[in-house]
Amino acid sequence: MYVRFGGERLETYRRNAARRWALTLLYTAIAPVPLSSFAGEPTSNVGKNFLRSYAGVCLEGAIIALACIIFSVMATSPPAVDPNVSAVTAVWSYVGELIFNLLVLVGAVRMSDRIVKEILGL
């Protein structure tokens, strides 16, 4: 599905989410091979690096899930609107708040890999 007027970004985010999902499945599927490298002293670094990168991929998913949960809580809370303002002002206030929340969500999703790399030193 490809939609114009901002849909390009939506398609990019879907691909990014699919990439992270496939990466997590791939790491899980091949996990026994790098973990078997712990058996020998010279190859134990391979296992350590694999565990660090696997934890990074899982942490990316956790950050994205946390960002989605925070966004859903913020989006479902009723907006604080002054009853003395006009309806148009109240609507624009709500739209501005929603756009801000969306930007925070998109920023958290886009920055999740950078945050994980800084935390784990990858």
# chains A, B, ... in the order shown; residues from 1 in each chain; ligands from 1
call {"tool": "residues_around", "arguments": {"residues": "A:Val46", "least_positions_apart": "4", "cutoff": "10 Å", "atoms": "only C-alpha atoms", "output": "ChimeraX atom specification"}}
result
/A:33-38,42,50-52
call {"tool": "select_by_dssp", "arguments": {"residues": "chain A", "states": "alpha helix (DSSP H)", "output": "ChimeraX atom specification"}}
result
/A:7-29,32-35,44-76,87-120
call {"tool": "write_last_selection", "arguments": {"atoms": "C-alpha atoms", "output": "compact mmCIF listing (two decimals), in the first residue's frame"}}
result
# COMPACT_ATOMS: atom_id res chain seq x y z
CA GLY A 7 2.23 8.21 2.86
CA GLU A 8 5.84 7.91 1.73
CA ARG A 9 6.91 8.25 5.34
CA LEU A 10 4.25 5.78 6.45
CA GLU A 11 5.61 3.24 3.99
CA THR A 12 9.15 3.89 5.24
CA TYR A 13 8.07 3.33 8.85
CA ARG A 14 6.35 0.09 7.89
CA ARG A 15 9.49 -1.11 6.16
CA ASN A 16 11.54 -0.10 9.19
CA ALA A 17 9.22 -1.99 11.53
CA ALA A 18 9.30 -5.03 9.24
CA ARG A 19 13.10 -4.84 9.16
CA ARG A 20 13.28 -4.82 12.96
CA TRP A 21 10.82 -7.70 13.20
CA ALA A 22 12.75 -9.76 10.65
CA LEU A 23 16.03 -8.93 12.36
CA THR A 24 14.69 -10.14 15.70
CA LEU A 25 13.47 -13.38 14.13
CA LEU A 26 16.80 -13.89 12.37
CA TYR A 27 18.79 -13.33 15.55
CA THR A 28 16.57 -15.79 17.40
CA ALA A 29 16.82 -18.39 14.64
CA PRO A 32 22.52 -21.48 18.81
CA VAL A 33 25.42 -21.03 16.40
CA PRO A 34 27.06 -17.96 18.03
CA LEU A 35 26.19 -19.20 21.51
CA SER A 44 34.18 -16.68 23.14
CA ASN A 45 34.30 -13.08 21.87
CA VAL A 46 31.94 -14.06 19.05
CA GLY A 47 29.35 -15.18 21.59
CA LYS A 48 29.78 -12.05 23.69
CA ASN A 49 29.36 -9.77 20.68
CA PHE A 50 26.31 -11.72 19.55
CA LEU A 51 24.66 -11.42 22.96
CA ARG A 52 25.36 -7.69 23.01
CA SER A 53 23.87 -7.11 19.56
CA TYR A 54 20.91 -9.41 20.30
CA ALA A 55 20.19 -7.46 23.48
CA GLY A 56 20.38 -4.28 21.39
CA VAL A 57 17.79 -5.51 18.91
CA CYS A 58 15.47 -6.60 21.71
CA LEU A 59 15.95 -3.29 23.50
CA GLU A 60 15.05 -1.41 20.30
CA GLY A 61 11.76 -3.29 20.20
CA ALA A 62 11.14 -2.52 23.86
CA ILE A 63 11.80 1.19 23.33
CA ILE A 64 9.40 1.26 20.38
CA ALA A 65 6.71 -0.58 22.36
CA LEU A 66 7.18 1.81 25.28
CA ALA A 67 6.90 4.80 22.94
CA CYS A 68 3.66 3.42 21.48
CA ILE A 69 2.22 2.83 24.96
CA ILE A 70 3.12 6.36 26.07
CA PHE A 71 1.59 7.79 22.89
CA SER A 72 -1.65 5.85 23.34
CA VAL A 73 -1.96 7.05 26.94
CA MET A 74 -1.27 10.65 25.93
CA ALA A 75 -3.64 10.45 22.94
CA THR A 76 -6.54 9.04 24.96
CA ALA A 87 -14.48 26.33 19.40
CA VAL A 88 -11.96 27.00 16.64
CA THR A 89 -9.24 27.80 19.18
CA ALA A 90 -10.06 24.66 21.15
CA VAL A 91 -9.86 22.50 18.00
CA TRP A 92 -6.54 24.02 16.94
CA SER A 93 -5.21 23.53 20.45
CA TYR A 94 -6.18 19.86 20.31
CA VAL A 95 -4.68 19.41 16.83
CA GLY A 96 -1.45 21.06 17.97
CA GLU A 97 -1.23 18.78 20.99
CA LEU A 98 -1.87 15.71 18.82
CA ILE A 99 0.79 16.73 16.29
CA PHE A 100 3.27 17.27 19.10
CA ASN A 101 2.51 13.80 20.50
CA LEU A 102 2.92 12.26 17.04
CA LEU A 103 6.28 13.97 16.59
CA VAL A 104 7.44 12.63 19.94
CA LEU A 105 6.36 9.12 18.92
CA VAL A 106 8.06 9.31 15.53
CA GLY A 107 11.20 10.72 17.12
CA ALA A 108 11.33 7.91 19.67
CA VAL A 109 10.90 5.25 16.99
CA ARG A 110 13.49 6.83 14.71
CA MET A 111 16.00 7.32 17.53
CA SER A 112 15.59 3.89 19.13
CA ASP A 113 18.55 2.37 17.30
CA ARG A 114 20.81 5.32 18.16
CA ILE A 115 19.77 5.18 21.82
CA VAL A 116 20.52 1.46 22.00
CA LYS A 117 23.90 1.88 20.34
CA GLU A 118 24.85 4.56 22.85
CA ILE A 119 23.63 2.50 25.82
CA LEU A 120 25.33 -0.75 24.80
